[in-house]
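Written out below as structure tokens is the structure these notes cover.
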Amino acid sequence: MNQSQQSSSAPDKATILEWLEVVTDPEIPTVSLVDLGVIRDVRVADDGYVTVRMTPTFSGCPAMDYMQRDVERVLREHGVERFGVEMSLEEAWSSNWVTERGRAALKAHRLSPPPMHQGIVDLDILEYAECPNCGSHNTTLRSPFGPTLCRALHYCNDCRQGFEQFKPV
Amino acid sequence: MNTTALKDLLYRLADDQLILGHRNSEWNGLGPILEEDIAFSSMAQDKLGHSLQLYTLLHNLGEAEPDTVAFTRNAPQFHCTQLVELPIGDYAFSLVRHFLYDHAELLRFQLLTTSSYEPLAQVARKLKGELKYHVLHANTWVKQLGTSTEEAIEKLQTALNETLPFALGLFEKTEHEEAIMADGIFAGEDELRAQWLESISKVLAQTNLELPDLATVAPVFGGRNGEHTEHLQPLLDEMAEVFRLDPTADW
């Protein structure tokens, strides 16, 4: 009992990542920032100082400030007093970082997940999308720009519905 | 590393993004179709985000806060090309400007991914993924409209002829050009211009549009050194109107 109390006062990385799973994209409330690959790293220093490193999906994303504040709020709620949340461009965010759970969460929001790529996003990848309604691949890119910077507009030629995709980057 | 030369380059990059971002945003609510309204607004948002990243690099090098730099300078202190400050005109003009500019921009940031100034290389690696969508968008419409009706082709050709001298101004060198290249910060405007020409020619070759012989086109220079058209200052006044009401306001 004492031991577990002690460990909760000095949380480890896995625990903090678990806490942060409640922080979601404000525009896509089904997907957590951890599964979106926005939270890149959590470090706990020997003196207990917690550093969370985040990277933006799109550099003009207006939700990044909210996400950062949400992360700070969750840390505070769990009693972490000394922490820093840094925005880093050390590695450019890649849609390949969206986890399997994240992809399922996007689908649950009726968003087509970004197709995996080999580091090079060419025209074939940009135009490819799976319809989140009927699963068809017989789809057409309508516009690379949608209601938010991270979404593109597609059309399904089979079920004849427009849909949005989380863009591959 | 020559910091003066580096800052000069960063101001050029940042100011281009900021000003064209604002011009693109002027299509908000006016696009010829809803998707175009959204596309230009999204590109505007992207470009403002890009300018923020670049002004942040400048801030880290000792310049003022990004908002201060963006909203308190006057036209002669801006290093954007005259291309980006021109009014949006009709859709043909805005599309052609976007096509000529974004091809150059994508290639520029691709070259900068290997910059010896690592913070800039990081920003470039981030931006180039986003700029691909801008180029894809421009190419799609230039190809569709550039092979459609006589009227559309004529409008685009007129826009191309008028815009080209300004687009060539993108590759204007400043007195710091050699220092930038010598320090390995950037491969240089000549290299960029050659890549750009190849890139836009490939797309135009798939249309009924003709690229005028560049040897006969006199580039419009001056923007990089603070010489601007009469269109920039009114735009800056409008952009900064709210900020200047209360520069200390918390949002």
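Letters A, B, ... mark the chains of the structure tokens in the order given; residue numbers begin at 1 per chain; ligand numbers begin at 1, in order shown.
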### Message
Residues near A:Ser88, anyone? I mean within 7 Å using only C-alpha atoms, not counting same-chain ones fewer than 4 positions away, as a list in words.
### Response
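Once the adjacent positions are removed, what remains is Arg53, Met54 and Thr55 of chain A.
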### Query
Could you pull out all residues of stretch 31-243 of chain B with a DSSP call of alpha helix (DSSP H) and give them as a count of residues only?
140
### Query
For the atom pair atom CA of A:Gln68 and atom CA of A:Phe83, what is the interatomic distance in Å to one decimal place?
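Here the two named atoms are 12.3 Å from each other.
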### Task
Identify which of the residues B:Leu30, B:Ala70, B:Ala64, B:Met1 lies closest to B:Phe243, counting only C-alpha atoms when measuring atom-to-atom distances.
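The closest residue to B:Phe243 is B:Ala70.
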### Message
as a list in words, could you give me every residue of chain B near chain A (at most 7 Å apart, counting only C-alpha atoms)?
### Response
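Going by the stated atoms only, the list reads Glu35, Ile38, Ala39, Ser42, Gln45, Asp46, Leu48, Gly49, His50, Gln122, Val123, Arg125, Lys126, Gly129, Tyr133 and His137 of chain B.
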### Task
Mind checking which residues fall within 8 Å of A:Gly102, counting only C-alpha atoms, ignoring those fewer than 6 positions away in the same chain, and posting them as a PyMOL selection string?
chain A and resi 31-32+35-36
Selection export as a PDB file, in the first residue's frame, atoms kept: C-alpha atoms:
ATOM      1  CA  VAL A  31      -9.102  10.137 -30.985  1.00  0.00           C
ATOM      2  CA  SER A  32      -6.528  10.720 -28.251  1.00  0.00           C
ATOM      3  CA  ASP A  35      -2.933   7.666 -30.621  1.00  0.00           C
ATOM      4  CA  LEU A  36      -2.678  10.578 -33.056  1.00  0.00           C
TER       5      LEU A  36
END
### strand (DSSP E or B) positions in chain A, given as number ranges by chain
A: 24-25, 28-32, 39-44, 50-54, 83-87, 111-112, 139-143, 151-156, 162-166
Those selected residues, please, written with C-alpha atoms and delivered as a PDB file, in the first residue's frame.
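Writing the result to again-v7.pdb gives the following:
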ATOM      1  CA  THR A  24      -8.430  14.211 -27.398  1.00  0.00           C
ATOM      2  CA  ASP A  25      -8.339  16.295 -30.532  1.00  0.00           C
ATOM      3  CA  ILE A  28     -12.165  14.792 -33.439  1.00  0.00           C
ATOM      4  CA  PRO A  29     -13.175  13.848 -29.894  1.00  0.00           C
ATOM      5  CA  THR A  30     -12.879  10.099 -30.546  1.00  0.00           C
ATOM      6  CA  VAL A  31      -9.102  10.137 -30.985  1.00  0.00           C
ATOM      7  CA  SER A  32      -6.528  10.720 -28.251  1.00  0.00           C
ATOM      8  CA  ILE A  39       2.393  13.395 -27.942  1.00  0.00           C
ATOM      9  CA  ARG A  40       5.853  12.215 -28.852  1.00  0.00           C
ATOM     10  CA  ASP A  41       7.559  11.629 -25.557  1.00  0.00           C
ATOM     11  CA  VAL A  42       7.228  11.866 -21.820  1.00  0.00           C
ATOM     12  CA  ARG A  43      10.305  12.165 -19.637  1.00  0.00           C
ATOM     13  CA  VAL A  44      10.469  12.057 -15.879  1.00  0.00           C
ATOM     14  CA  VAL A  50       7.954  15.948 -16.025  1.00  0.00           C
ATOM     15  CA  THR A  51       8.524  16.980 -19.631  1.00  0.00           C
ATOM     16  CA  VAL A  52       5.911  16.236 -22.297  1.00  0.00           C
ATOM     17  CA  ARG A  53       7.019  16.721 -25.890  1.00  0.00           C
ATOM     18  CA  MET A  54       4.315  17.378 -28.498  1.00  0.00           C
ATOM     19  CA  PHE A  83       6.265  20.066 -15.498  1.00  0.00           C
ATOM     20  CA  GLY A  84       6.921  21.543 -18.913  1.00  0.00           C
ATOM     21  CA  VAL A  85       5.011  20.916 -22.131  1.00  0.00           C
ATOM     22  CA  GLU A  86       7.110  21.676 -25.178  1.00  0.00           C
ATOM     23  CA  MET A  87       6.102  21.987 -28.801  1.00  0.00           C
ATOM     24  CA  LEU A 111     -13.293   9.892 -40.959  1.00  0.00           C
ATOM     25  CA  SER A 112     -11.232   7.863 -43.400  1.00  0.00           C
ATOM     26  CA  THR A 139     -13.474   6.938 -54.388  1.00  0.00           C
ATOM     27  CA  THR A 140     -12.494  10.313 -55.853  1.00  0.00           C
ATOM     28  CA  LEU A 141     -10.547  13.151 -54.246  1.00  0.00           C
ATOM     29  CA  ARG A 142     -12.756  16.239 -54.453  1.00  0.00           C
ATOM     30  CA  SER A 143     -10.477  18.715 -52.737  1.00  0.00           C
ATOM     31  CA  ARG A 151      -8.901  16.843 -43.601  1.00  0.00           C
ATOM     32  CA  ALA A 152      -9.463  16.338 -47.334  1.00  0.00           C
ATOM     33  CA  LEU A 153     -12.796  15.968 -49.141  1.00  0.00           C
ATOM     34  CA  HIS A 154     -13.502  12.762 -51.044  1.00  0.00           C
ATOM     35  CA  TYR A 155     -16.504  11.214 -52.746  1.00  0.00           C
ATOM     36  CA  CYS A 156     -17.519   7.583 -52.767  1.00  0.00           C
ATOM     37  CA  GLY A 162     -19.154  12.671 -49.713  1.00  0.00           C
ATOM     38  CA  PHE A 163     -16.752  11.959 -46.868  1.00  0.00           C
ATOM     39  CA  GLU A 164     -13.661  13.360 -45.219  1.00  0.00           C
ATOM     40  CA  GLN A 165     -10.257  11.822 -44.805  1.00  0.00           C
ATOM     41  CA  PHE A 166      -7.550  12.584 -42.295  1.00  0.00           C
TER      42      PHE A 166
END
### Query
Which residue gives the smallest distance to B:Glu210 among B:Leu156, B:Leu18, B:Leu197, B:Leu236, with only C-alpha atoms counted?
B:Leu156
### Task
Figure out the distance between atom CA of A:Ala14 and atom CA of A:Val34, please, to one decimal in Å.
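Value for the atom CA of A:Val34-atom CA of A:Ala14 distance: 11.6 Å.
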### Task
Mind checking which residues fall within 7 Å of B:Thr147, counting only C-alpha atoms, ignoring those fewer than 5 positions away in the same chain, and posting them as a list in words?
Ile153, Thr207 and Asn208 of chain B
### Query
Which distance in Å separates atom CA of B:Leu131 and atom CA of B:Gln157, to one decimal?
24.3 Å
#### Entry: Near-B:Ser116 list (9 Å; only C-alpha atoms; drop same-chain fewer than 2 positions) as JSON, numbers by chain
{"B": [112, 113, 114, 118, 119, 120, 121, 183, 184, 185, 186]}
### Task
Determine, counting only C-alpha atoms, which protein, DNA and RNA residues have an atom within 8 Å of an atom of B:Arg97; residues of the same chain fewer than 5 positions away are not included. Present the result as a list in words.
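Final neighbour list, sorted by chain and number: Leu83, Val84, Thr163 and Ala167 of chain B.
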Residues from the last selection, N, CA and C atoms, saved as a compact mmCIF listing (two decimals), in the first residue's frame:
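Result file follows (out-v2.txt):
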# COMPACT_ATOMS: atom_id res chain seq x y z
N LEU B 83 4.93 40.11 -55.82
CA LEU B 83 3.95 39.12 -56.28
C LEU B 83 2.86 38.85 -55.24
N VAL B 84 3.27 38.67 -53.97
CA VAL B 84 2.31 38.24 -52.96
C VAL B 84 1.40 39.36 -52.47
N THR B 163 1.35 37.86 -64.59
CA THR B 163 1.90 37.47 -63.30
C THR B 163 3.38 37.10 -63.37
N ALA B 167 6.36 36.94 -60.62
CA ALA B 167 6.80 35.64 -60.10
C ALA B 167 8.32 35.52 -60.18
### Query
Which residues, written as a ChimeraX atom specification, have at least one atom at most 9 Å from B:Ala5, with only C-alpha atoms counted and residues fewer than 4 positions away on the same chain left out?
/B:1,9-10,175-177,179-180
Residues just named, written with all heavy atoms as a compact mmCIF listing (two decimals), in the first residue's frame:
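What follows is the written file out_12.txt:
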# COMPACT_ATOMS: atom_id res chain seq x y z
N MET B 1 28.42 31.26 -38.45
CA MET B 1 27.30 31.53 -39.36
C MET B 1 26.99 33.04 -39.38
O MET B 1 26.98 33.70 -38.35
CB MET B 1 26.08 30.74 -38.90
CG MET B 1 24.97 30.74 -39.92
SD MET B 1 23.72 29.49 -39.57
CE MET B 1 24.55 27.97 -40.00
N LEU B 9 17.23 36.13 -44.89
CA LEU B 9 16.53 35.03 -45.57
C LEU B 9 15.22 34.70 -44.86
O LEU B 9 14.17 34.54 -45.49
CB LEU B 9 17.42 33.78 -45.62
CG LEU B 9 16.76 32.53 -46.20
CD1 LEU B 9 16.51 32.68 -47.69
CD2 LEU B 9 17.59 31.28 -45.93
N LEU B 10 15.28 34.63 -43.53
CA LEU B 10 14.08 34.27 -42.76
C LEU B 10 12.98 35.31 -42.93
O LEU B 10 11.80 34.97 -43.04
CB LEU B 10 14.42 34.10 -41.28
CG LEU B 10 15.26 32.86 -40.94
CD1 LEU B 10 15.71 32.90 -39.48
CD2 LEU B 10 14.50 31.58 -41.23
N GLU B 175 21.87 41.39 -51.07
CA GLU B 175 23.33 41.50 -50.91
C GLU B 175 23.89 40.32 -50.11
O GLU B 175 25.09 40.08 -50.09
CB GLU B 175 23.66 42.82 -50.20
CG GLU B 175 22.91 42.94 -48.88
CD GLU B 175 23.24 44.20 -48.09
OE1 GLU B 175 24.43 44.48 -47.92
OE2 GLU B 175 22.28 44.88 -47.66
N HIS B 176 23.00 39.56 -49.44
CA HIS B 176 23.47 38.47 -48.59
C HIS B 176 23.49 37.11 -49.29
O HIS B 176 23.81 36.10 -48.68
CB HIS B 176 22.58 38.37 -47.34
CG HIS B 176 22.56 39.62 -46.53
ND1 HIS B 176 23.66 40.07 -45.85
CD2 HIS B 176 21.56 40.51 -46.30
CE1 HIS B 176 23.35 41.20 -45.22
NE2 HIS B 176 22.09 41.49 -45.49
N GLU B 177 23.11 37.10 -50.56
CA GLU B 177 22.99 35.83 -51.28
C GLU B 177 24.24 34.95 -51.15
O GLU B 177 24.16 33.77 -50.84
CB GLU B 177 22.68 36.11 -52.76
CG GLU B 177 22.68 34.89 -53.68
CD GLU B 177 21.39 34.08 -53.62
OE1 GLU B 177 20.46 34.48 -52.89
OE2 GLU B 177 21.32 33.03 -54.30
N ALA B 179 26.64 35.01 -48.96
CA ALA B 179 26.89 34.56 -47.58
C ALA B 179 25.98 33.38 -47.23
O ALA B 179 26.41 32.41 -46.59
CB ALA B 179 26.64 35.71 -46.61
N ILE B 180 24.73 33.46 -47.69
CA ILE B 180 23.76 32.39 -47.43
C ILE B 180 24.23 31.07 -48.05
O ILE B 180 24.15 30.01 -47.45
CB ILE B 180 22.40 32.81 -48.05
CG1 ILE B 180 21.73 33.86 -47.16
CG2 ILE B 180 21.48 31.65 -48.27
CD1 ILE B 180 21.22 33.30 -45.86
